[in-house]
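One structure is given here, and the rest of the page talks about it.
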Amino acid sequence: MSWALRDAPGVERLAEYEVKVHSVFAGQSASAICQYDARQFGPEQLRMFERCHPAAVELHPWYSSSGLSIVPAFRAGERVLQVTGTVDYQATGLLAAALEQTLQWPGDVRVDMSALDFIDLAGLRVLVHAAERLREGQRLRVMNLTPMLCQVISVVGWDEHPALVVTSPEVTA
């Protein structure tokens with residue numbers, strides 16, 4: 001869809017086009033994938049495209065089992081690591097390995113924990129260690145962590161770490 005970045009006639013009606021394309025495929029046994037390069041389109045444009053479609057194609061999981069899934073994705077034009085399931089003492093190595101891969105991402109590293117069922121103290125410690133390894137000026141943004149776990153991080157004092165930003169679902173950052 002990079003053609004939409006050029007000053008082509010009708011490009012201002014791209015959202016209308018996307019909605020109409022979606023209606024063509026709705027309820028059919030066929031589907032289409034709209035591909036927008038997140039490096040070329042801004043976050044506002046990407047959010048608009050996401051609102052035009054009810055689903056998104058995810059990248060291949062870095063790890064997937066019945067109890068844990070770690071998937072790189074794009075949300076609102078930004079890279080996100082989606083963690084789903086349970087992170088306990090047996091899975092901390094998997095989370096650490098995934099976070100190691102995110103250290104090369106440009107900008108802040110976002111980890112979405114909205115589908116997390118459980119994370120133990122060792123898993124939280126892995127997040128802090130990853131934040132410590134980020135480049136100067138980068139932040140590890142742990143999003144949608146339960147309020148109780150945000151409180152645990154505060155009690156332990158990890159919320160004082162300048163490279164770690166933790167938010168619960170009620171807070172948008």
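In the structure tokens, each chain is lettered A, B, ... as it comes, each chain's residues begin at 1, and ligands are numbered from 1 in order of appearance.
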
Please give the complete set of residues from chain A that DSSP, run on the backbone, assigns to alpha helix (DSSP H), formatted as a VMD selection string.
chain A and resid 14 to 25 43 to 52 92 to 102 121 to 132 147 to 156

Can you pull out the residues contacting Asp117 in chain A? Cut-off 12 Å, using only C-alpha atoms, and skip same-chain residues under 5 positions away; I want them as a list in words.
Gly67, Leu68, Ser69, Val83, Thr84, Gly85, Thr86, Val87, Asp88, Asn144, Leu145, Thr146 and Leu149 of chain A

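Shortest atom-to-atom contact with Leu94 in chain A among A:Val156, A:Cys52, A:Val11, A:Leu127: A:Leu127, counting only C-alpha atoms.
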
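Nearest residue to Tyr36 in chain A, choosing from A:Leu164, A:Leu5, A:Val21, A:Leu116 and counting only C-alpha atoms: A:Leu5.
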
List every residue of chain A that DSSP, applied to the backbone, labels as strand (DSSP E or B), and write the result as a PyMOL selection string.
chain A and resi 63-64+68-75+78-87+109-119+140-143+164-166

Quick one: write out the picked residues with N, CA, C and O atoms as a short mmCIF file (atom, residue, chain, number, x, y, z; two decimals), in the first residue's frame?
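result32.cif was written with the following content:
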data_model
loop_
_atom_site.label_atom_id
_atom_site.label_comp_id
_atom_site.auth_asym_id
_atom_site.auth_seq_id
_atom_site.Cartn_x
_atom_site.Cartn_y
_atom_site.Cartn_z
N TYR A 63 7.60 -18.04 20.45
CA TYR A 63 7.40 -19.24 21.26
C TYR A 63 5.91 -19.47 21.41
O TYR A 63 5.15 -18.53 21.61
N SER A 64 5.51 -20.73 21.31
CA SER A 64 4.09 -21.05 21.47
C SER A 64 3.94 -22.46 22.03
O SER A 64 4.51 -23.41 21.50
N LEU A 68 1.93 -20.91 27.10
CA LEU A 68 2.57 -19.62 26.90
C LEU A 68 2.75 -19.34 25.41
O LEU A 68 3.10 -20.23 24.65
N SER A 69 2.49 -18.11 25.05
CA SER A 69 2.72 -17.65 23.68
C SER A 69 3.40 -16.30 23.74
O SER A 69 2.98 -15.41 24.48
N ILE A 70 4.48 -16.15 22.96
CA ILE A 70 5.21 -14.90 22.88
C ILE A 70 5.29 -14.54 21.40
O ILE A 70 5.93 -15.24 20.62
N VAL A 71 4.61 -13.45 21.03
CA VAL A 71 4.45 -13.10 19.62
C VAL A 71 4.82 -11.64 19.38
O VAL A 71 4.26 -10.75 20.02
N PRO A 72 5.75 -11.38 18.45
CA PRO A 72 5.98 -9.98 18.07
C PRO A 72 4.82 -9.52 17.20
O PRO A 72 4.29 -10.29 16.40
N ALA A 73 4.43 -8.29 17.36
CA ALA A 73 3.28 -7.78 16.60
C ALA A 73 3.45 -6.28 16.38
O ALA A 73 4.43 -5.69 16.83
N PHE A 74 2.50 -5.70 15.69
CA PHE A 74 2.43 -4.25 15.53
C PHE A 74 1.08 -3.80 16.06
O PHE A 74 0.05 -4.37 15.72
N ARG A 75 1.08 -2.80 16.91
CA ARG A 75 -0.14 -2.19 17.41
C ARG A 75 0.02 -0.68 17.25
O ARG A 75 1.00 -0.12 17.72
N GLU A 78 3.35 0.57 16.12
CA GLU A 78 4.55 0.36 16.91
C GLU A 78 4.72 -1.13 17.22
O GLU A 78 3.75 -1.85 17.36
N ARG A 79 5.98 -1.54 17.28
CA ARG A 79 6.28 -2.94 17.61
C ARG A 79 5.87 -3.22 19.05
O ARG A 79 6.08 -2.41 19.95
N VAL A 80 5.32 -4.41 19.23
CA VAL A 80 4.88 -4.85 20.55
C VAL A 80 5.20 -6.32 20.69
O VAL A 80 5.08 -7.09 19.74
N LEU A 81 5.61 -6.73 21.87
CA LEU A 81 5.76 -8.14 22.18
C LEU A 81 4.53 -8.55 22.99
O LEU A 81 4.31 -8.04 24.09
N GLN A 82 3.71 -9.43 22.42
CA GLN A 82 2.48 -9.88 23.06
C GLN A 82 2.78 -11.15 23.86
O GLN A 82 3.21 -12.15 23.27
N VAL A 83 2.58 -11.10 25.17
CA VAL A 83 2.81 -12.26 26.04
C VAL A 83 1.46 -12.76 26.52
O VAL A 83 0.70 -12.02 27.14
N THR A 84 1.16 -14.02 26.22
CA THR A 84 -0.13 -14.62 26.56
C THR A 84 0.10 -15.89 27.36
O THR A 84 0.95 -16.70 27.00
N GLY A 85 -0.66 -16.06 28.43
CA GLY A 85 -0.58 -17.30 29.20
C GLY A 85 0.12 -17.12 30.52
O GLY A 85 -0.12 -16.15 31.23
N THR A 86 1.02 -18.06 30.84
CA THR A 86 1.66 -18.13 32.15
C THR A 86 3.17 -18.02 32.04
O THR A 86 3.80 -18.75 31.28
N VAL A 87 3.74 -17.10 32.83
CA VAL A 87 5.20 -16.99 32.94
C VAL A 87 5.54 -17.35 34.38
O VAL A 87 5.34 -16.55 35.29
N VAL A 109 10.69 -0.36 23.89
CA VAL A 109 10.23 -1.74 23.75
C VAL A 109 8.91 -1.85 24.50
O VAL A 109 8.83 -1.52 25.68
N ARG A 110 7.87 -2.28 23.79
CA ARG A 110 6.54 -2.42 24.38
C ARG A 110 6.22 -3.90 24.56
O ARG A 110 6.36 -4.67 23.61
N VAL A 111 5.76 -4.25 25.76
CA VAL A 111 5.37 -5.62 26.07
C VAL A 111 3.93 -5.57 26.54
O VAL A 111 3.62 -4.98 27.58
N ASP A 112 3.04 -6.18 25.76
CA ASP A 112 1.61 -6.18 26.10
C ASP A 112 1.29 -7.43 26.89
O ASP A 112 1.44 -8.55 26.40
N MET A 113 0.83 -7.24 28.11
CA MET A 113 0.51 -8.36 28.99
C MET A 113 -1.00 -8.44 29.25
O MET A 113 -1.42 -9.01 30.25
N SER A 114 -1.81 -7.91 28.34
CA SER A 114 -3.26 -7.92 28.53
C SER A 114 -3.83 -9.33 28.54
O SER A 114 -4.89 -9.56 29.11
N ALA A 115 -3.16 -10.29 27.92
CA ALA A 115 -3.65 -11.68 27.89
C ALA A 115 -2.83 -12.59 28.80
O ALA A 115 -2.88 -13.81 28.68
N LEU A 116 -2.10 -11.98 29.73
CA LEU A 116 -1.30 -12.75 30.68
C LEU A 116 -2.19 -13.31 31.77
O LEU A 116 -2.99 -12.59 32.37
N ASP A 117 -2.06 -14.60 32.04
CA ASP A 117 -2.83 -15.22 33.12
C ASP A 117 -2.09 -15.14 34.45
O ASP A 117 -2.69 -14.97 35.51
N PHE A 118 -0.76 -15.29 34.39
CA PHE A 118 0.04 -15.33 35.61
C PHE A 118 1.48 -15.01 35.28
O PHE A 118 2.00 -15.44 34.24
N ILE A 119 2.15 -14.29 36.17
CA ILE A 119 3.60 -14.10 36.11
C ILE A 119 4.09 -14.07 37.54
O ILE A 119 3.51 -13.41 38.40
N LEU A 140 11.48 0.22 28.62
CA LEU A 140 10.71 -1.00 28.51
C LEU A 140 9.33 -0.66 29.05
O LEU A 140 9.17 -0.36 30.24
N ARG A 141 8.34 -0.64 28.17
CA ARG A 141 6.98 -0.27 28.55
C ARG A 141 6.14 -1.53 28.66
O ARG A 141 5.75 -2.11 27.66
N VAL A 142 5.90 -1.95 29.89
CA VAL A 142 5.08 -3.12 30.16
C VAL A 142 3.65 -2.62 30.29
O VAL A 142 3.32 -1.90 31.23
N MET A 143 2.82 -3.02 29.33
CA MET A 143 1.46 -2.48 29.26
C MET A 143 0.45 -3.53 29.71
O MET A 143 0.62 -4.72 29.48
N LEU A 164 12.09 1.47 33.14
CA LEU A 164 10.94 0.57 33.24
C LEU A 164 9.67 1.38 33.51
O LEU A 164 9.58 2.10 34.50
N VAL A 165 8.71 1.24 32.60
CA VAL A 165 7.42 1.91 32.75
C VAL A 165 6.36 0.82 32.72
O VAL A 165 6.24 0.09 31.75
N VAL A 166 5.59 0.72 33.79
CA VAL A 166 4.58 -0.33 33.92
C VAL A 166 3.22 0.33 34.07
O VAL A 166 3.03 1.21 34.91
#

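Of the listed residues (A:Ala130, A:Ala76, A:Ile33, A:Leu103), A:Ile33 comes nearest to Ala55 in chain A; the distances count only C-alpha atoms.
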
When you look at Phe41 in chain A with a cut-off of 9 Å (counting only C-alpha atoms), what residues show up, excluding the ones that are within fewer than 4 positions of it in the same chain? I need them as a PyMOL selection string.
chain A and resi 2+5+36-37+45-46+77

Would you export the selected residues with N, CA and C atoms as a compact mmCIF listing (two decimals), in the first residue's frame, please?
# COMPACT_ATOMS: atom_id res chain seq x y z
N SER A 2 2.14 1.14 -0.27
CA SER A 2 3.00 2.32 -0.23
C SER A 2 2.62 3.35 -1.29
N LEU A 5 1.25 6.68 -0.12
CA LEU A 5 2.12 7.73 0.41
C LEU A 5 2.40 8.81 -0.63
N TYR A 36 0.42 -2.60 5.26
CA TYR A 36 0.94 -1.25 5.41
C TYR A 36 2.28 -1.35 6.12
N ASP A 37 3.31 -0.83 5.51
CA ASP A 37 4.64 -0.86 6.09
C ASP A 37 4.69 0.12 7.25
N GLN A 45 -2.01 7.13 11.09
CA GLN A 45 -2.52 6.45 9.90
C GLN A 45 -2.76 4.98 10.18
N LEU A 46 -1.81 4.33 10.84
CA LEU A 46 -1.94 2.90 11.13
C LEU A 46 -3.11 2.62 12.06
N GLY A 77 0.91 1.04 14.93
CA GLY A 77 2.12 1.42 14.22
C GLY A 77 3.41 1.23 14.97

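Checking A:Gly10, A:Gly93, A:Gly157, A:Pro43 one by one against Val128 in chain A, counting only C-alpha atoms, you find the shortest gap at A:Gly157.
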
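Using only C-alpha atoms, the nearest neighbour of Asp120 in chain A within the list A:Leu134, A:Leu59, A:Val19, A:Met148 is A:Met148.
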
Which residue out of A:Gln138, A:Ser154, A:Thr167, A:Gln90 has the minimum interatomic distance to Thr102 in chain A when only C-alpha atoms are used?
A:Gln138

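For the pair CA of Lys20 in chain A and CA of Asp7 in chain A, the separation is 21.3 Å.
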
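For the atom pair formed by CA of Ala26 in chain A and CA of Arg39 in chain A, the distance is 28.5 Å, given to one decimal.
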
Tell me which protein, DNA and RNA residues are within 12 Å of Arg13 in chain A, counting only C-alpha atoms, leaving out same-chain ones fewer than 4 positions away, and put them as a list in words.
Ala4, Ala8, Pro9, Tyr17, Glu18, Val19, Lys20, Met48 and Phe49 of chain A
